[in-house]
>>> print(open('structure_1.cif').read())   # mmCIF, C-alpha atoms (C1' of nucleotides)
data_entry
loop_
_atom_site.label_atom_id
_atom_site.label_comp_id
_atom_site.auth_asym_id
_atom_site.auth_seq_id
_atom_site.Cartn_x
_atom_site.Cartn_y
_atom_site.Cartn_z
CA MET S 1067 -27.99 -43.06 -65.34
CA LEU S 1068 -26.49 -43.58 -61.90
CA ASP S 1069 -27.10 -46.82 -60.13
CA LYS S 1070 -28.38 -46.25 -56.59
CA ASN S 1071 -27.29 -49.70 -55.64
CA LYS S 1072 -23.72 -49.11 -56.68
CA VAL S 1073 -21.12 -47.57 -54.40
CA ILE S 1074 -17.46 -46.67 -54.64
CA VAL S 1075 -15.62 -47.06 -51.33
CA GLY S 1076 -12.46 -45.10 -50.70
CA MET S 1077 -10.16 -47.65 -49.17
CA SER S 1078 -6.96 -46.76 -47.40
CA GLY S 1079 -6.15 -50.30 -46.43
CA GLY S 1080 -7.06 -49.49 -42.85
CA VAL S 1081 -9.63 -50.97 -40.51
CA ASP S 1082 -12.34 -48.37 -40.91
CA SER S 1083 -12.62 -48.25 -44.67
CA THR S 1084 -12.30 -52.01 -44.85
CA VAL S 1085 -15.24 -52.56 -42.54
CA ALA S 1086 -17.18 -49.86 -44.37
CA ALA S 1087 -16.81 -51.79 -47.61
CA TYR S 1088 -17.62 -55.05 -45.90
CA GLN S 1089 -20.82 -53.67 -44.40
CA LEU S 1090 -22.03 -52.24 -47.68
CA LYS S 1091 -21.41 -55.50 -49.43
CA LYS S 1092 -23.38 -57.27 -46.72
CA MET S 1093 -26.24 -54.83 -47.14
CA GLY S 1094 -26.46 -55.85 -50.76
CA TYR S 1095 -24.76 -52.98 -52.51
CA GLU S 1096 -22.61 -53.46 -55.53
CA VAL S 1097 -19.33 -52.33 -54.03
CA ILE S 1098 -16.14 -51.25 -55.74
CA GLY S 1099 -13.04 -50.60 -53.68
CA VAL S 1100 -10.81 -47.73 -54.72
CA ASN S 1101 -7.48 -46.81 -53.26
CA MET S 1102 -6.53 -43.23 -53.95
CA ARG S 1103 -2.91 -42.49 -54.64
CA LEU S 1104 -2.56 -39.08 -53.10
CA TRP S 1105 1.05 -38.26 -52.53
CA GLN S 1106 4.51 -39.57 -52.96
CA ASP S 1107 7.49 -38.20 -51.13
CA ASP S 1108 10.78 -39.58 -52.34
CA PHE S 1109 12.46 -38.22 -49.27
CA LEU S 1110 10.65 -40.51 -46.88
CA GLU S 1111 11.15 -44.18 -46.40
CA GLU S 1112 8.40 -46.32 -47.76
CA GLU S 1113 7.76 -47.79 -44.33
CA HIS S 1114 6.46 -44.47 -43.14
CA PHE S 1115 3.59 -44.81 -45.52
CA MET S 1116 2.71 -48.34 -44.57
CA LYS S 1117 0.87 -47.51 -41.40
CA ASP S 1118 -2.86 -47.77 -41.15
CA GLY S 1119 -5.19 -44.99 -40.46
CA GLY S 1120 -8.49 -43.28 -40.44
CA CYS S 1121 -9.75 -41.12 -43.24
CA CYS S 1122 -6.40 -39.64 -44.11
CA SER S 1123 -4.19 -42.64 -44.33
CA LEU S 1124 -2.20 -43.26 -47.46
CA SER S 1125 -1.58 -46.74 -46.20
CA SER S 1126 -0.63 -49.49 -48.55
CA VAL S 1127 -2.38 -50.37 -51.73
CA GLU S 1128 -1.57 -53.96 -51.08
CA ASP S 1129 -3.64 -54.15 -47.91
CA ALA S 1130 -6.58 -52.58 -49.67
CA ARG S 1131 -6.25 -54.93 -52.60
CA ARG S 1132 -6.03 -57.93 -50.32
CA VAL S 1133 -9.10 -57.15 -48.26
CA CYS S 1134 -11.14 -56.38 -51.36
CA GLU S 1135 -10.31 -59.83 -52.56
CA GLN S 1136 -11.38 -61.27 -49.22
CA ILE S 1137 -14.60 -59.32 -49.21
CA GLY S 1138 -15.15 -60.28 -52.81
CA ILE S 1139 -15.35 -56.91 -54.50
CA PRO S 1140 -13.44 -55.38 -57.40
CA PHE S 1141 -10.52 -53.17 -56.55
CA TYR S 1142 -8.83 -50.30 -58.32
CA ALA S 1143 -5.91 -48.11 -57.40
CA LEU S 1144 -6.47 -44.68 -58.89
CA ASP S 1145 -4.22 -41.70 -59.19
CA PHE S 1146 -5.47 -38.58 -57.42
CA LYS S 1147 -2.09 -36.97 -56.95
CA GLY S 1148 -2.87 -33.96 -59.09
CA VAL S 1149 -6.02 -32.86 -57.35
CA PHE S 1150 -4.54 -33.72 -53.96
CA LYS S 1151 -1.55 -31.50 -54.53
CA GLU S 1152 -3.66 -28.60 -55.76
CA THR S 1153 -6.37 -28.69 -53.14
CA VAL S 1154 -4.67 -30.12 -50.06
CA VAL S 1155 -0.89 -29.82 -50.22
CA ASP S 1156 -0.75 -26.38 -51.79
CA TYR S 1157 -3.41 -25.14 -49.39
CA PHE S 1158 -1.43 -26.64 -46.52
CA ILE S 1159 1.75 -24.88 -47.59
CA ASP S 1160 0.02 -21.56 -48.22
CA ALA S 1161 -1.62 -21.61 -44.83
CA TYR S 1162 1.69 -22.00 -43.03
CA LYS S 1163 3.22 -19.35 -45.24
CA ASN S 1164 0.45 -17.02 -44.05
CA GLY S 1165 1.01 -17.78 -40.40
CA GLU S 1166 -2.05 -20.00 -40.14
CA THR S 1167 -2.44 -23.58 -39.00
CA PRO S 1168 -4.19 -25.58 -41.70
CA ASN S 1169 -6.44 -28.57 -41.33
CA PRO S 1170 -5.65 -30.70 -44.36
CA CYS S 1171 -8.22 -33.37 -43.51
CA ILE S 1172 -11.03 -30.92 -44.01
CA ALA S 1173 -9.72 -29.82 -47.38
CA CYS S 1174 -9.15 -33.41 -48.41
CA ASN S 1175 -12.72 -34.37 -47.54
CA LYS S 1176 -14.18 -31.47 -49.44
CA TYR S 1177 -12.11 -31.59 -52.60
CA VAL S 1178 -10.69 -35.06 -52.88
CA LYS S 1179 -12.80 -37.69 -51.18
CA PHE S 1180 -16.18 -36.12 -51.77
CA GLU S 1181 -15.50 -34.27 -54.96
CA ALA S 1182 -12.83 -35.91 -57.09
CA LEU S 1183 -13.64 -39.40 -55.89
CA LEU S 1184 -17.34 -38.75 -56.16
CA GLU S 1185 -16.87 -37.65 -59.76
CA LYS S 1186 -15.02 -40.84 -60.42
CA ALA S 1187 -17.86 -42.78 -58.85
CA HIS S 1188 -20.31 -41.10 -61.17
CA GLN S 1189 -18.12 -41.93 -64.14
CA LEU S 1190 -18.32 -45.53 -63.08
CA GLY S 1191 -22.08 -45.29 -62.86
CA ALA S 1192 -22.23 -45.36 -59.06
CA TYR S 1193 -24.67 -43.09 -57.25
CA TYR S 1194 -22.74 -43.26 -54.00
CA VAL S 1195 -19.28 -42.83 -52.64
CA ALA S 1196 -18.61 -44.26 -49.20
CA THR S 1197 -15.86 -43.89 -46.62
CA GLY S 1198 -14.92 -45.17 -43.21
CA HIS S 1199 -15.76 -41.89 -41.53
CA TYR S 1200 -17.54 -41.90 -38.21
CA ALA S 1201 -20.61 -39.73 -38.82
CA LYS S 1202 -24.30 -40.10 -39.64
CA ILE S 1203 -25.82 -38.68 -42.77
CA SER S 1204 -29.56 -38.70 -43.31
CA TYR S 1205 -32.32 -36.84 -45.11
CA ASP S 1206 -34.65 -34.76 -42.98
CA GLU S 1207 -38.13 -34.49 -44.45
CA ASN S 1208 -39.11 -31.45 -42.44
CA LEU S 1209 -36.02 -29.48 -43.27
CA ALA S 1210 -35.91 -30.92 -46.77
CA ARG S 1211 -32.17 -31.17 -46.37
CA TYR S 1212 -29.49 -33.74 -45.87
CA ILE S 1213 -28.21 -33.47 -42.34
CA VAL S 1214 -25.19 -34.75 -40.47
CA GLU S 1215 -25.20 -36.12 -36.96
CA LYS S 1216 -22.40 -37.20 -34.66
CA ALA S 1217 -21.50 -40.87 -34.86
CA SER S 1218 -22.72 -43.33 -32.27
CA ALA S 1219 -19.08 -44.01 -31.46
CA ILE S 1220 -18.92 -40.54 -30.01
CA GLU S 1221 -15.24 -40.71 -29.12
CA LYS S 1222 -14.39 -41.35 -32.76
CA ASP S 1223 -16.83 -38.85 -34.19
CA GLN S 1224 -15.47 -37.09 -37.26
CA THR S 1225 -18.21 -34.60 -38.03
CA TYR S 1226 -15.78 -31.79 -37.24
CA ALA S 1227 -14.00 -32.52 -40.50
CA LEU S 1228 -17.21 -32.73 -42.51
CA TYR S 1229 -18.89 -29.37 -41.90
CA ASN S 1230 -17.84 -28.24 -45.35
CA LEU S 1231 -19.94 -30.66 -47.37
CA THR S 1232 -22.69 -29.42 -49.64
CA GLN S 1233 -26.20 -30.81 -50.01
CA GLU S 1234 -25.24 -32.13 -53.40
CA GLN S 1235 -22.30 -34.01 -51.93
CA LEU S 1236 -24.20 -35.34 -48.93
CA GLN S 1237 -26.86 -36.73 -51.19
CA HIS S 1238 -24.30 -39.10 -52.64
CA ILE S 1239 -22.38 -40.14 -49.54
CA LEU S 1240 -22.71 -43.24 -47.40
CA MET S 1241 -20.94 -43.71 -44.09
CA PRO S 1242 -21.58 -47.24 -42.94
CA LEU S 1243 -19.74 -46.84 -39.65
CA ALA S 1244 -22.33 -44.34 -38.40
CA GLU S 1245 -24.11 -46.70 -36.04
CA PHE S 1246 -21.20 -48.56 -34.55
CA THR S 1247 -20.80 -47.67 -30.93
CA SER S 1248 -17.04 -48.07 -30.69
CA LYS S 1249 -13.91 -48.64 -32.66
CA ASP S 1250 -13.59 -51.98 -30.92
CA GLU S 1251 -16.82 -53.09 -32.46
CA VAL S 1252 -15.44 -52.18 -35.86
CA ARG S 1253 -12.23 -54.05 -35.15
CA GLN S 1254 -14.25 -57.11 -34.15
CA ILE S 1255 -15.85 -57.19 -37.54
CA ALA S 1256 -12.54 -56.79 -39.30
CA ALA S 1257 -11.15 -59.62 -37.20
CA ASN S 1258 -13.74 -61.96 -38.72
CA PHE S 1259 -11.95 -61.98 -42.00
CA ASP S 1260 -8.56 -60.34 -41.50
CA VAL S 1261 -7.06 -60.51 -38.05
CA GLN S 1262 -3.85 -58.80 -39.03
CA MET S 1263 -5.71 -55.81 -40.37
CA SER S 1264 -8.00 -55.60 -37.37
CA GLN S 1265 -5.04 -54.86 -35.15
CA LYS S 1266 -3.61 -52.00 -37.11
CA SER S 1267 -3.24 -48.93 -34.95
CA ASP S 1268 -5.16 -45.73 -35.58
CA SER S 1269 -3.45 -43.06 -37.57
CA GLN S 1270 -2.77 -39.75 -36.01
CA GLU S 1271 -0.46 -37.79 -38.21
CA ILE S 1272 -0.88 -35.77 -41.35
CA CYS S 1273 -1.09 -38.47 -43.98
CA PHE S 1274 1.41 -36.91 -46.35
CA VAL S 1275 3.82 -36.11 -43.51
CA PRO S 1276 4.03 -39.49 -41.82
CA ASP S 1277 7.33 -38.72 -40.11
CA GLN S 1278 5.61 -35.92 -38.17
CA ASP S 1279 8.13 -33.39 -39.40
CA TYR S 1280 5.86 -30.96 -41.19
CA VAL S 1281 8.49 -28.24 -41.07
CA GLY S 1282 10.85 -30.51 -42.97
CA PHE S 1283 8.02 -31.09 -45.42
CA LEU S 1284 7.56 -27.37 -45.90
CA LYS S 1285 11.26 -26.94 -46.49
CA ARG S 1286 11.26 -29.63 -49.15
CA ASN S 1287 8.04 -28.65 -50.86
CA GLY S 1288 7.25 -25.14 -49.75
CA ASN S 1289 9.02 -22.97 -52.25
CA PHE S 1290 9.42 -20.14 -49.78
CA LYS S 1291 12.02 -19.13 -47.27
CA ILE S 1292 11.44 -19.83 -43.61
CA GLU S 1293 12.94 -16.79 -41.93
CA LYS S 1294 13.89 -16.35 -38.34
CA GLY S 1295 12.33 -13.48 -36.46
CA ASP S 1296 11.64 -12.10 -33.03
CA PHE S 1297 9.54 -13.32 -30.15
CA PHE S 1298 7.58 -10.52 -28.51
CA ASP S 1299 5.61 -10.31 -25.30
CA THR S 1300 2.09 -8.92 -25.28
CA ASP S 1301 3.47 -5.46 -24.51
CA GLY S 1302 5.67 -5.43 -27.59
CA ASN S 1303 9.01 -6.14 -25.96
CA VAL S 1304 11.44 -8.41 -27.76
CA LEU S 1305 12.00 -11.65 -25.87
CA GLY S 1306 14.26 -13.58 -28.21
CA LYS S 1307 14.61 -15.19 -31.61
CA HIS S 1308 12.18 -17.60 -33.20
CA GLU S 1309 12.96 -20.15 -35.90
CA GLY S 1310 10.33 -18.98 -38.38
CA ILE S 1311 6.59 -18.64 -37.96
CA VAL S 1312 5.78 -21.99 -39.54
CA ASN S 1313 7.19 -23.68 -36.45
CA TYR S 1314 4.44 -22.35 -34.22
CA THR S 1315 0.72 -22.50 -33.68
CA ILE S 1316 -1.51 -20.61 -31.27
CA GLY S 1317 -1.42 -22.07 -27.77
CA GLN S 1318 1.84 -23.90 -28.34
CA ARG S 1319 4.13 -24.28 -25.36
CA LYS S 1320 6.78 -26.82 -26.31
CA GLY S 1321 9.68 -26.14 -28.58
CA LEU S 1322 9.94 -22.41 -28.15
CA GLY S 1323 13.58 -22.77 -27.20
CA ILE S 1324 13.32 -20.05 -24.62
CA THR S 1325 12.61 -20.10 -20.89
CA PHE S 1326 11.01 -17.66 -18.50
CA GLY S 1327 10.52 -19.56 -15.29
CA LYS S 1328 6.84 -19.81 -16.15
CA PRO S 1329 5.23 -21.73 -18.97
CA MET S 1330 4.82 -19.47 -21.97
CA TYR S 1331 2.51 -19.97 -24.91
CA VAL S 1332 2.14 -18.65 -28.42
CA VAL S 1333 -0.57 -15.99 -28.32
CA ASP S 1334 -0.35 -14.54 -31.80
CA ILE S 1335 1.46 -15.06 -35.07
CA ASP S 1336 1.94 -12.04 -37.31
CA PRO S 1337 2.98 -13.12 -40.80
CA GLU S 1338 3.32 -9.56 -42.06
CA TYR S 1339 6.08 -8.66 -39.61
CA ASN S 1340 7.28 -12.22 -39.05
CA ARG S 1341 6.50 -11.91 -35.36
CA VAL S 1342 5.50 -14.47 -32.78
CA VAL S 1343 3.89 -13.13 -29.61
CA LEU S 1344 4.26 -15.09 -26.38
CA GLY S 1345 2.24 -14.82 -23.20
CA GLU S 1346 1.12 -16.68 -20.13
CA ASN S 1347 -1.70 -19.17 -20.30
CA GLU S 1348 -4.40 -16.65 -19.39
CA THR S 1349 -3.55 -14.53 -22.43
CA VAL S 1350 -4.36 -17.29 -24.90
CA PHE S 1351 -8.12 -17.26 -24.25
CA LYS S 1352 -10.54 -15.47 -26.54
CA LYS S 1353 -14.24 -14.90 -26.25
CA GLU S 1354 -15.00 -14.29 -29.89
CA LEU S 1355 -13.81 -14.96 -33.40
CA TRP S 1356 -14.60 -14.38 -37.05
CA ALA S 1357 -14.71 -17.10 -39.65
CA LYS S 1358 -14.80 -17.19 -43.45
CA ASP S 1359 -15.82 -19.76 -46.04
CA VAL S 1360 -18.86 -20.54 -43.99
CA ASN S 1361 -21.00 -23.53 -44.83
CA PHE S 1362 -24.24 -24.60 -43.23
CA ILE S 1363 -25.60 -28.10 -43.22
CA GLN S 1364 -28.90 -27.83 -41.43
CA MET S 1365 -30.04 -24.68 -43.19
CA ALA S 1366 -29.06 -22.60 -46.17
CA SER S 1367 -28.07 -19.72 -43.94
CA ILE S 1368 -28.96 -18.15 -40.60
CA GLU S 1369 -30.80 -14.93 -39.91
CA GLY S 1370 -29.82 -12.82 -36.94
CA PRO S 1371 -28.18 -14.17 -33.79
CA TYR S 1372 -28.29 -17.94 -33.50
CA ARG S 1373 -27.61 -19.96 -30.36
CA CYS S 1374 -25.59 -23.15 -30.69
CA GLU S 1375 -22.38 -24.81 -29.56
CA ALA S 1376 -19.06 -24.58 -31.34
CA LYS S 1377 -15.78 -26.47 -31.43
CA ILE S 1378 -12.66 -24.58 -32.37
CA ARG S 1379 -10.57 -27.67 -32.73
CA TYR S 1380 -11.05 -31.32 -33.43
CA SER S 1381 -10.79 -32.55 -29.89
CA ALA S 1382 -12.54 -29.68 -28.12
CA LYS S 1383 -15.76 -29.91 -26.16
CA PRO S 1384 -18.52 -27.99 -27.90
CA ALA S 1385 -18.90 -24.63 -26.16
CA PRO S 1386 -22.14 -22.61 -25.98
CA CYS S 1387 -22.07 -19.53 -28.17
CA THR S 1388 -24.06 -17.10 -30.26
CA ILE S 1389 -23.26 -16.80 -33.93
CA GLU S 1390 -24.34 -14.29 -36.52
CA CYS S 1391 -23.65 -13.90 -40.22
CA VAL S 1392 -22.19 -10.59 -41.31
CA ASP S 1393 -21.74 -10.34 -45.06
CA ASP S 1394 -20.02 -13.57 -45.98
CA LEU S 1395 -18.39 -14.00 -42.60
CA VAL S 1396 -19.71 -15.40 -39.38
CA HIS S 1397 -19.15 -13.77 -36.01
CA VAL S 1398 -18.94 -16.17 -33.07
CA ILE S 1399 -19.27 -15.01 -29.47
CA PHE S 1400 -18.69 -17.64 -26.84
CA ASP S 1401 -20.34 -17.63 -23.44
CA GLU S 1402 -16.94 -18.48 -21.97
CA PRO S 1403 -13.54 -17.60 -23.44
CA GLN S 1404 -11.99 -20.40 -25.48
CA ARG S 1405 -8.37 -21.42 -25.37
CA ALA S 1406 -6.14 -21.05 -28.41
CA VAL S 1407 -8.50 -19.84 -31.10
CA THR S 1408 -6.29 -20.55 -34.08
CA PRO S 1409 -6.50 -18.91 -37.52
CA GLY S 1410 -6.73 -21.51 -40.26
CA GLN S 1411 -8.46 -24.05 -38.07
CA ALA S 1412 -12.16 -24.74 -38.38
CA VAL S 1413 -14.87 -23.53 -36.07
CA VAL S 1414 -17.70 -26.03 -36.27
CA PHE S 1415 -21.24 -25.45 -35.01
CA TYR S 1416 -23.52 -27.99 -33.38
CA GLN S 1417 -27.04 -28.26 -32.04
CA GLY S 1418 -26.74 -31.16 -29.63
CA SER S 1419 -25.61 -34.07 -31.74
CA TYR S 1420 -26.41 -32.34 -35.02
CA LEU S 1421 -23.85 -30.64 -37.22
CA VAL S 1422 -25.02 -27.12 -38.01
CA GLY S 1423 -22.13 -25.87 -40.08
CA GLY S 1424 -18.77 -24.24 -39.75
CA GLY S 1425 -16.09 -22.04 -41.22
CA THR S 1426 -12.40 -21.19 -41.23
CA ILE S 1427 -11.16 -19.07 -38.34
CA LEU S 1428 -9.68 -15.71 -39.30
CA ARG S 1429 -6.91 -13.88 -37.52
CA LYS S 1430 -8.96 -10.81 -36.71
"C1'" U K 1015 44.72 -5.05 -9.73
"C1'" G K 1016 42.46 -1.02 -3.22
"C1'" G K 1017 37.60 -2.39 -0.91
"C1'" G K 1018 32.87 -5.17 -1.03
"C1'" G K 1019 29.63 -9.16 -3.10
"C1'" A K 1020 28.90 -13.44 -5.87
"C1'" U K 1021 29.90 -18.62 -8.13
"C1'" U K 1022 24.43 -25.02 -6.80
"C1'" C K 1023 21.33 -29.21 -13.55
"C1'" G K 1024 20.76 -25.76 -20.23
"C1'" C K 1025 18.02 -21.22 -17.37
"C1'" C K 1026 16.04 -19.37 -12.57
"C1'" A K 1027 16.55 -21.00 -7.65
"C1'" A K 1028 16.14 -23.43 -2.32
"C1'" G K 1029 19.80 -24.90 1.04
"C1'" C K 1030 23.34 -21.66 6.24
"C1'" G K 1031 27.55 -28.60 9.31
"C1'" G K 1032 24.13 -34.09 8.88
"C1'" U K 1033 24.28 -36.53 3.90
"C1'" A K 1034 21.39 -31.69 -3.14
"C1'" A K 1035 13.73 -28.72 -2.86
"C1'" G K 1036 11.08 -26.51 -6.65
"C1'" G K 1037 9.92 -23.88 -11.28
"C1'" C K 1038 11.21 -23.30 -16.58
"C1'" A K 1039 13.40 -25.92 -20.57
"C1'" A K 1040 14.72 -30.74 -22.54
"C1'" C K 1041 13.85 -35.91 -23.31
"C1'" G K 1042 10.52 -40.43 -23.12
"C1'" G K 1043 5.48 -42.21 -22.88
"C1'" A K 1044 -0.04 -41.66 -22.84
"C1'" C K 1045 -3.84 -38.93 -25.31
"C1'" U K 1046 -5.03 -37.17 -30.47
"C1'" U K 1047 -7.39 -38.69 -38.12
"C1'" U K 1048 -4.46 -31.42 -38.55
"C1'" G K 1049 -1.18 -28.18 -35.57
"C1'" A K 1050 -1.58 -27.86 -30.40
"C1'" C K 1051 -3.00 -28.21 -25.14
"C1'" U K 1052 -3.04 -31.73 -21.14
"C1'" C K 1053 -1.38 -35.90 -18.29
"C1'" C K 1054 2.46 -39.40 -16.57
"C1'" G K 1055 7.64 -40.41 -16.20
"C1'" U K 1056 13.04 -39.22 -16.53
"C1'" C K 1057 16.49 -35.48 -15.66
"C1'" A K 1058 23.09 -32.69 -10.27
"C1'" U K 1059 26.63 -39.39 -6.05
"C1'" U K 1060 27.11 -33.59 -6.92
"C1'" C K 1061 27.31 -27.88 -5.41
"C1'" A K 1062 33.70 -22.92 -9.99
"C1'" C K 1063 38.70 -25.44 -8.91
"C1'" A K 1064 42.60 -27.15 -5.28
"C1'" G K 1065 43.73 -28.08 -0.37
"C1'" G K 1066 42.32 -28.08 4.99
"C1'" U K 1067 39.13 -28.57 9.73
"C1'" U K 1068 35.41 -32.26 11.23
"C1'" C K 1069 32.56 -38.84 12.62
"C1'" A K 1070 30.15 -35.83 8.78
"C1'" A K 1071 30.89 -29.84 4.45
"C1'" A K 1072 27.32 -27.14 -1.05
"C1'" U K 1073 27.32 -25.30 3.85
"C1'" C K 1074 33.52 -23.52 8.22
"C1'" C K 1075 38.94 -22.09 6.91
"C1'" U K 1076 43.01 -21.16 3.07
"C1'" G K 1077 44.48 -20.32 -1.68
"C1'" U K 1078 43.30 -20.12 -7.38
"C1'" A K 1079 39.87 -18.75 -11.41
"C1'" U K 1080 35.69 -15.99 -13.31
"C1'" C K 1081 31.85 -12.25 -12.81
"C1'" C K 1082 29.50 -7.80 -10.60
"C1'" C K 1083 29.50 -3.10 -7.71
"C1'" C K 1084 32.32 1.04 -5.40
"C1'" A K 1085 36.77 3.46 -5.66
"C1'" G K 1086 41.30 4.73 -9.31
#
>>> encode(input="structure_1.cif", output="structure tokens")
Amino acid sequence: MLDKNKVIVGMSGGVDSTVAAYQLKKMGYEVIGVNMRLWQDDFLEEEHFMKDGGCCSLSSVEDARRVCEQIGIPFYALDFKGVFKETVVDYFIDAYKNGETPNPCIACNKYVKFEALLEKAHQLGAYYVATGHYAKISYDENLARYIVEKASAIEKDQTYALYNLTQEQLQHILMPLAEFTSKDEVRQIAANFDVQMSQKSDSQEICFVPDQDYVGFLKRNGNFKIEKGDFFDTDGNVLGKHEGIVNYTIGQRKGLGITFGKPMYVVDIDPEYNRVVLGENETVFKKELWAKDVNFIQMASIEGPYRCEAKIRYSAKPAPCTIECVDDLVHVIFDEPQRAVTPGQAVVFYQGSYLVGGGTILRK
RNA sequence: UGGGGAUUCGCCAAGCGGUAAGGCAACGGACUUUGACUCCGUCAUUCACAGGUUCAAAUCCUGUAUCCCCAG
């Protein structure tokens, strides 16, 4: 029998998850803090892993332990390295191997935070798992579904990385930061009981690649050869040599190591022939895309053409579009061409502030 | 080894006697819970080299070196 008053909070040791735990405790929940051990890279200095962060931070166990003590809740450090490697790291490596650009945060949310950790919560008798994500989850009586809405702190909104969650998962998730209107407000609360923590900076890198060098990470952990190949223009002419497709993502300009007198961008990555196609800015816009592994939040599925907005990357403005399911894929046609539609990244659908669903962008 | 033309930042390129534009790249920073994009900033005391003429030369003159084209 799960206790609806009991909640497991995933705590990175950062500001957000700390305040999330604090708020829940204040609301009267029985709160247990859990720090997930996700990854260990002997190659990197420990200090790299000491930084704070949002949902993805590995941060330090010690910070998490300390604040739990201050808040007055039990704390456990649990090992999730196995599931993290299988569902996040391996996926991350495979995506690059296939010429795609992965979004590990989305995979981590789906499989680790809201699956593995949720299971653990249930084992401990807790009905809920909570995180420091910025998003609103609620139950809609009319739809008879759990729905997700953008956070009040709109500039920190993380719904983009949550489109993948199932009804079953949403039913058991609490996100106490939903109603805060800014990160500053969250920091203020943290400052009440831990000033040092409240000033930690936001994380912005891939949590298991804190030195930013994801190519180095792939070399150490990837188990495949990164082979040099040719740059092509959009007409099929060879322009020069590239350092291996994993070094590039659609829309990229910097680091091509080649100059044309005009800015040039990556337009396409062809893993089969190990090619990277370059073009001018105008060539990197696309009006439509196909996505797989589609999940809908607001409804079980959609029938026929459906008008909504879509984001093709975390920090994009939602763009008006028409979507339609075809078999198990979704076809997205934008009103205006979008820049750098990137295979492997998520396309996420919205109706105003509500999260409709999303999927993984395909190459063709 | 006859004739003609070139040689300015890693790349392209302005300048044509008055005290080195710009673009690309690179680097640094801002932004960013993925990868990117974007934005801001920094980037030739020096113009292939050596002399000379001028108050003053990358700009004119004389050699030297290298490259390209046309002739052999």
>>> interface_residues(input="structure_1.cif", of="chain S", to="chain K", cutoff="9 Å", atoms="only C-alpha atoms (C1' of nucleotides)", output="ChimeraX atom specification")
/S:1119-1123,1167-1172,1224,1268-1273,1314-1321,1323-1329,1380-1381,1405-1406,1411
>>> resolve_selection(input="structure_1.cif", expression="the PyMOL selection byres ((chain S and resi 1343) around 10)", output="ChimeraX atom specification")
/S:1296-1305,1316,1330-1336,1341-1342,1344-1345
>>> atom_distance(input="structure_1.cif", atom1="CA of Ile1292 in chain S", atom2="CA of Asp1277 in chain S")
19.6 Å
>>> residues_around(input="structure_1.cif", residues="range 1057-1059 of chain K", least_positions_apart="4", cutoff="12 Å", atoms="only C-alpha atoms (C1' of nucleotides)", output="PyMOL selection string")
chain K and resi 1022-1024+1033-1034+1039-1042+1072
>>> resolve_selection(input="structure_1.cif", expression="the PyMOL selection byres ((chain K and resi 1076) around 10)", output="NGL selection string")
:K and (1065-1066 or 1075 or 1077)
>>> residues_near_point(input="structure_1.cif", point="(-20.3, -21.3, -26.1)", cutoff="8 Å", atoms="only C-alpha atoms (C1' of nucleotides)", output="ChimeraX atom specification")
/S:1374-1376,1384-1388,1399-1402
>>> resolve_selection(input="structure_1.cif", expression="the PyMOL selection byres ((chain S and resi 1151-1159) around 9)", output="mmCIF file with C-alpha atoms, keeping the file's coordinate frame")
data_model
loop_
_atom_site.group_PDB
_atom_site.id
_atom_site.type_symbol
_atom_site.label_atom_id
_atom_site.label_comp_id
_atom_site.auth_asym_id
_atom_site.auth_seq_id
_atom_site.Cartn_x
_atom_site.Cartn_y
_atom_site.Cartn_z
ATOM 1 C CA LEU S 1104 -2.560 -39.080 -53.100
ATOM 2 C CA TRP S 1105 1.050 -38.260 -52.530
ATOM 3 C CA PHE S 1146 -5.470 -38.580 -57.420
ATOM 4 C CA LYS S 1147 -2.090 -36.970 -56.950
ATOM 5 C CA GLY S 1148 -2.870 -33.960 -59.090
ATOM 6 C CA VAL S 1149 -6.020 -32.860 -57.350
ATOM 7 C CA PHE S 1150 -4.540 -33.720 -53.960
ATOM 8 C CA ASP S 1160 0.020 -21.560 -48.220
ATOM 9 C CA ALA S 1161 -1.620 -21.610 -44.830
ATOM 10 C CA TYR S 1162 1.690 -22.000 -43.030
ATOM 11 C CA LYS S 1163 3.220 -19.350 -45.240
ATOM 12 C CA ASN S 1164 0.450 -17.020 -44.050
ATOM 13 C CA THR S 1167 -2.440 -23.580 -39.000
ATOM 14 C CA PRO S 1168 -4.190 -25.580 -41.700
ATOM 15 C CA ASN S 1169 -6.440 -28.570 -41.330
ATOM 16 C CA PRO S 1170 -5.650 -30.700 -44.360
ATOM 17 C CA CYS S 1171 -8.220 -33.370 -43.510
ATOM 18 C CA ILE S 1172 -11.030 -30.920 -44.010
ATOM 19 C CA ALA S 1173 -9.720 -29.820 -47.380
ATOM 20 C CA CYS S 1174 -9.150 -33.410 -48.410
ATOM 21 C CA TYR S 1177 -12.110 -31.590 -52.600
ATOM 22 C CA VAL S 1178 -10.690 -35.060 -52.880
ATOM 23 C CA PHE S 1274 1.410 -36.910 -46.350
ATOM 24 C CA LEU S 1284 7.560 -27.370 -45.900
ATOM 25 C CA ASN S 1287 8.040 -28.650 -50.860
ATOM 26 C CA GLY S 1288 7.250 -25.140 -49.750
ATOM 27 C CA ASN S 1289 9.020 -22.970 -52.250
#
>>> atom_distance(input="structure_1.cif", atom1="CA of Phe1290 in chain S", atom2="CA of Gly1165 in chain S")
12.8 Å
>>> atom_distance(input="structure_1.cif", atom1="CA of Gly1099 in chain S", atom2="CA of Thr1225 in chain S")
23.0 Å
>>> residues_around(input="structure_1.cif", residues="Asp1250 in chain S", least_positions_apart="5", cutoff="12 Å", atoms="only C-alpha atoms (C1' of nucleotides)", output="PyMOL selection string")
chain S and resi 1081-1082+1085+1219+1221-1222+1243+1255-1257+1264-1268
>>> residues_near_point(input="structure_1.cif", point="(35.0, -17.9, -10.8)", cutoff="6 Å", atoms="all atoms listed in the file", output="ChimeraX atom specification")
/K:1021,1062,1079-1080
